[in-house]
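Text of the file work13.txt, holding compact mmCIF, C-alpha atoms:
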# COMPACT_ATOMS: atom_id res chain seq x y z
CA MET A 1 -0.12 -9.68 1.04
CA GLN A 2 0.95 -12.03 -1.73
CA PRO A 3 0.47 -10.73 -5.27
CA GLY A 4 -2.45 -12.48 -6.88
CA SER A 5 -3.83 -13.84 -3.63
CA VAL A 6 -7.23 -13.13 -2.22
CA TYR A 7 -7.19 -13.31 1.54
CA ALA A 8 -10.50 -14.33 3.03
CA ILE A 9 -10.88 -12.61 6.36
CA LYS A 10 -14.27 -14.11 7.16
CA GLU A 11 -15.53 -17.52 6.06
CA GLY A 12 -18.87 -18.18 4.42
CA LYS A 13 -20.77 -16.59 1.58
CA ASP A 14 -20.24 -13.07 2.96
CA ARG A 15 -16.50 -13.52 3.37
CA THR A 16 -14.38 -10.39 3.26
CA GLU A 17 -11.52 -10.22 0.76
CA VAL A 18 -8.62 -7.81 0.33
CA HIS A 19 -8.09 -6.46 -3.20
CA THR A 20 -5.56 -4.09 -4.74
CA LEU A 21 -7.07 -1.83 -7.40
CA SER A 22 -5.09 0.26 -9.88
CA VAL A 23 -7.12 3.24 -11.10
CA LEU A 24 -5.80 5.42 -13.95
CA VAL A 25 -7.34 8.91 -13.78
CA ASP A 26 -6.93 12.40 -15.21
CA ASN A 27 -4.53 14.43 -13.08
CA GLU A 28 -6.78 17.37 -12.30
CA PRO A 29 -8.08 19.09 -9.17
CA GLY A 30 -10.80 17.23 -7.31
CA VAL A 31 -10.37 13.79 -8.92
CA LEU A 32 -8.87 12.16 -5.83
CA ALA A 33 -11.62 13.66 -3.66
CA ARG A 34 -14.27 12.23 -6.00
CA VAL A 35 -12.71 8.77 -5.97
CA ILE A 36 -12.37 8.79 -2.18
CA GLY A 37 -15.90 10.17 -1.89
CA LEU A 38 -17.16 7.09 -3.70
CA PHE A 39 -15.63 4.93 -0.95
CA SER A 40 -16.68 7.02 2.03
CA GLY A 41 -20.16 7.76 0.73
CA ARG A 42 -20.96 4.08 0.45
CA GLY A 43 -19.16 2.92 3.59
CA TYR A 44 -16.38 1.07 1.74
CA ASN A 45 -13.10 0.74 3.61
CA ILE A 46 -9.68 1.82 2.31
CA GLU A 47 -6.77 -0.11 3.81
CA SER A 48 -4.09 1.71 1.79
CA LEU A 49 -4.06 4.58 -0.70
CA THR A 50 -1.28 5.96 -2.88
CA VAL A 51 -1.50 8.39 -5.77
CA SER A 52 1.00 10.05 -8.08
CA GLU A 53 1.23 11.37 -11.60
CA THR A 54 2.53 8.55 -13.80
CA GLU A 55 2.01 9.92 -17.33
CA HIS A 56 3.17 13.54 -17.30
CA GLU A 57 2.53 14.23 -21.00
CA ARG A 58 -1.04 12.91 -20.81
CA HIS A 59 -1.68 14.43 -17.35
CA ARG A 60 -2.69 11.11 -15.83
CA SER A 61 -2.22 9.74 -12.34
CA ARG A 62 -2.41 6.25 -10.90
CA ILE A 63 -4.37 5.71 -7.72
CA THR A 64 -3.57 2.44 -5.99
CA VAL A 65 -6.26 1.46 -3.49
CA VAL A 66 -6.22 -1.56 -1.22
CA THR A 67 -9.79 -2.22 -0.10
CA THR A 68 -11.79 -4.89 1.66
CA GLY A 69 -15.23 -6.28 1.06
CA SER A 70 -17.27 -9.26 0.00
CA PRO A 71 -16.82 -10.36 -3.63
CA GLN A 72 -20.05 -8.54 -4.47
CA VAL A 73 -18.85 -5.31 -2.83
CA ILE A 74 -15.52 -5.47 -4.66
CA GLU A 75 -17.38 -5.85 -7.98
CA GLN A 76 -19.60 -2.88 -7.04
CA ILE A 77 -16.56 -0.74 -6.24
CA LYS A 78 -14.93 -1.57 -9.58
CA ALA A 79 -18.14 -0.92 -11.55
CA GLN A 80 -18.73 2.42 -9.82
CA LEU A 81 -15.14 3.52 -10.35
CA GLU A 82 -15.32 2.62 -14.05
CA ARG A 83 -18.41 4.85 -14.46
CA MET A 84 -16.64 7.93 -13.08
CA VAL A 85 -15.78 10.47 -15.80
CA PRO A 86 -12.09 11.12 -14.99
CA VAL A 87 -11.38 7.37 -14.66
CA HIS A 88 -9.72 5.79 -17.72
CA ARG A 89 -9.10 2.28 -16.43
CA VAL A 90 -9.67 0.14 -13.33
CA ILE A 91 -7.57 -3.00 -12.92
CA ASP A 92 -8.03 -5.42 -10.04
CA LEU A 93 -4.39 -6.47 -9.58
CA THR A 94 -5.43 -9.15 -7.09
CA VAL A 95 -7.51 -10.91 -9.73
CA THR A 96 -4.87 -10.65 -12.47
CA GLY A 97 -2.50 -12.59 -10.22
CA LYS A 98 0.55 -10.92 -11.72
CA ALA A 99 1.17 -7.95 -9.46
CA ILE A 100 4.21 -6.73 -7.59
CA GLU A 101 3.36 -4.81 -4.41
CA ARG A 102 5.74 -2.77 -2.28
CA GLU A 103 5.53 -0.23 0.51
CA LEU A 104 8.02 2.22 2.02
CA LEU A 105 8.45 2.55 5.79
CA LEU A 106 10.28 5.21 7.77
CA ILE A 107 10.67 4.27 11.42
CA LYS A 108 12.29 6.13 14.31
CA VAL A 109 13.79 4.11 17.15
CA ARG A 110 15.28 5.60 20.33
CA GLY A 111 17.68 3.55 22.37
CA SER A 112 21.06 3.07 23.94
CA GLY A 113 23.33 0.20 24.86
CA ASP A 114 22.05 -3.27 24.00
CA HIS A 115 18.77 -1.94 22.56
CA ARG A 116 20.70 0.28 20.14
CA SER A 117 22.91 -2.61 19.03
CA GLU A 118 19.93 -4.94 18.62
CA ALA A 119 18.03 -2.35 16.55
CA LEU A 120 21.03 -2.03 14.21
CA ARG A 121 21.41 -5.80 13.96
CA LEU A 122 17.73 -6.29 13.10
CA ALA A 123 17.83 -3.42 10.61
CA ASP A 124 20.73 -5.12 8.87
CA ALA A 125 18.87 -8.45 8.80
CA PHE A 126 15.84 -6.75 7.22
CA ARG A 127 18.05 -4.74 4.85
CA ALA A 128 16.80 -1.46 6.29
CA ARG A 129 18.96 1.60 5.67
CA VAL A 130 19.94 4.06 8.38
CA ILE A 131 18.95 7.44 6.93
CA ASP A 132 19.41 9.50 10.10
CA ALA A 133 21.33 8.84 13.29
CA THR A 134 21.94 10.71 16.53
CA THR A 135 23.52 9.52 19.73
CA GLU A 136 20.01 8.72 21.02
CA SER A 137 18.06 7.52 17.98
CA PHE A 138 17.95 6.15 14.43
CA VAL A 139 15.59 6.61 11.50
CA PHE A 140 15.46 3.53 9.31
CA GLU A 141 14.13 3.24 5.77
CA LEU A 142 12.71 -0.10 4.68
CA THR A 143 10.97 -1.13 1.46
CA GLY A 144 9.15 -4.38 0.92
CA LYS A 145 5.93 -6.29 1.23
CA THR A 146 3.51 -5.12 3.89
CA ASP A 147 3.97 -8.21 6.08
CA LYS A 148 7.75 -7.66 6.15
CA LEU A 149 7.27 -4.06 7.29
CA ASP A 150 4.74 -5.17 9.91
CA GLN A 151 7.26 -7.69 11.27
CA PHE A 152 9.99 -5.05 11.49
CA ILE A 153 7.68 -2.69 13.40
CA VAL A 154 6.77 -5.43 15.90
CA LEU A 155 10.45 -6.21 16.50
CA MET A 156 11.32 -2.52 17.01
CA GLN A 157 8.57 -1.91 19.62
CA PRO A 158 10.45 -3.30 22.64
CA LEU A 159 13.67 -1.62 21.45
CA GLY A 160 12.32 1.93 21.67
CA LEU A 161 9.95 2.55 18.76
CA VAL A 162 9.09 6.26 18.65
CA GLU A 163 7.32 6.92 15.37
CA VAL A 164 6.24 5.24 12.12
CA SER A 165 5.43 6.68 8.68
CA ARG A 166 4.28 4.49 5.76
CA THR A 167 3.58 5.30 2.14
CA GLY A 168 0.87 2.76 1.49
CA ILE A 169 1.10 0.11 -1.20
CA ALA A 170 2.38 0.83 -4.69
CA ALA A 171 1.60 -1.94 -7.15
CA ILE A 172 2.20 -2.78 -10.79
CA ALA A 173 1.43 -5.80 -12.95
CA ARG A 174 4.27 -8.06 -14.06
CA GLY A 175 5.10 -8.56 -17.71
CA PRO A 176 5.54 -6.37 -20.78
CA ASP A 177 1.96 -5.05 -21.04
CA ALA A 178 0.59 -1.90 -19.40
CA THR A 179 -2.31 -2.19 -17.00
Could I get this structure in the form of structure tokens?
Amino acid sequence: MQPGSVYAIKEGKDRTEVHTLSVLVDNEPGVLARVIGLFSGRGYNIESLTVSETEHERHRSRITVVTTGSPQVIEQIKAQLERMVPVHRVIDLTVTGKAIERELLLIKVRGSGDHRSEALRLADAFRARVIDATTESFVFELTGKTDKLDQFIVLMQPLGLVEVSRTGIAAIARGPDAT
């Protein structure tokens, strides 16, 4: 996903778009469940979700949600999030056009001989780090845009892909101002 881009999945007036929302909330029990409940209760889809405390002194967390919907649905989601009590700010990073998005991937690949050598060669080309190695397998760590991680996974499948773990997208706006 390119920062600032809106990908139309379906054409026409009811086209589906992918948006990255940054939601600043109070870091207290139940807030994440309430935010997620808003999505599930109304049938909205979540493509990716990350959350972590970002302002320790103020006890605030940032929830980054990648969601899909028609333009009207995206506006509804934002309006409903903004009305929630523990929510301080909702920024649609897709609309601002100035976001940096990254994701972390851990991937385990089992192999020997040529498959093992090819997995190491591809990992080097993608700038993936070997964070665990045995005589039968590797665990690689890779950070980047979602499409880069998707490509790496596809290339590892015929080489002995065993397991994948992903963090989901973390995003932040470019420039000197806070979002």
For stretch 161-168 of chain A, what centre and edge lengths in Å (one decimal) does the axis-aligned box get once 3 Å is added on each side of all its listed atoms, as AutoDock Vina command-line options?
--center_x 5.4 --center_y 4.7 --center_z 10.1 --size_x 15.1 --size_y 10.4 --size_z 23.3
* To do: Point out the residue among A:Arg116, A:Arg127, A:Arg102, A:Arg110 with the least atom-to-atom distance to A:Thr167, counting all atoms listed in the file.
  =>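 Of all the options, A:Arg102 lies closest to A:Thr167.
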* From A:Asn45, A:Ser117, A:Thr20, A:Ser40, residue lying nearest A:Met156 [only C-alpha atoms] ->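 Comparing A:Asn45, A:Ser117, A:Thr20, A:Ser40 against A:Met156, the winner is A:Ser117.
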* Compare A:His88, A:Arg15, A:Lys108, A:Arg83 by their minimum atom-to-atom distance to A:Gly69, counting all atoms listed in the file, and give me the closest one. =>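 Under the stated criterion, the closest residue is A:Arg15.
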* **Contacts of A:His115 at 12 Å (all atoms listed in the file; same-chain gap of 3+ positions) as a PyMOL selection string** => chain A and resi 109-112+118-122+136-138+155-161
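Closest to A:Leu104 among A:Asp147, A:Asp124, A:Glu75, A:Glu17 is A:Asp147, based on all atoms listed in the file.
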* Out of A:Pro71, A:Tyr44, A:Leu32, A:Val25, which residue has the shortest atom-to-atom distance to A:Arg58 when counting only C-alpha atoms? ->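 Comparing A:Pro71, A:Tyr44, A:Leu32, A:Val25 against A:Arg58, the winner is A:Val25.
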* Would you please work out which residue, of A:Glu103, A:Glu163, A:Asp26, A:Asp150, is nearest to A:Ser61 when using only C-alpha atoms? => A:Asp26
* What's the 12 Å shell around A:Gly168, counting all atoms listed in the file, without same-chain residues fewer than 3 positions away, as a PyMOL selection string? -> chain A and resi 20+46-51+63-67+101-106+143-146+149+165+171
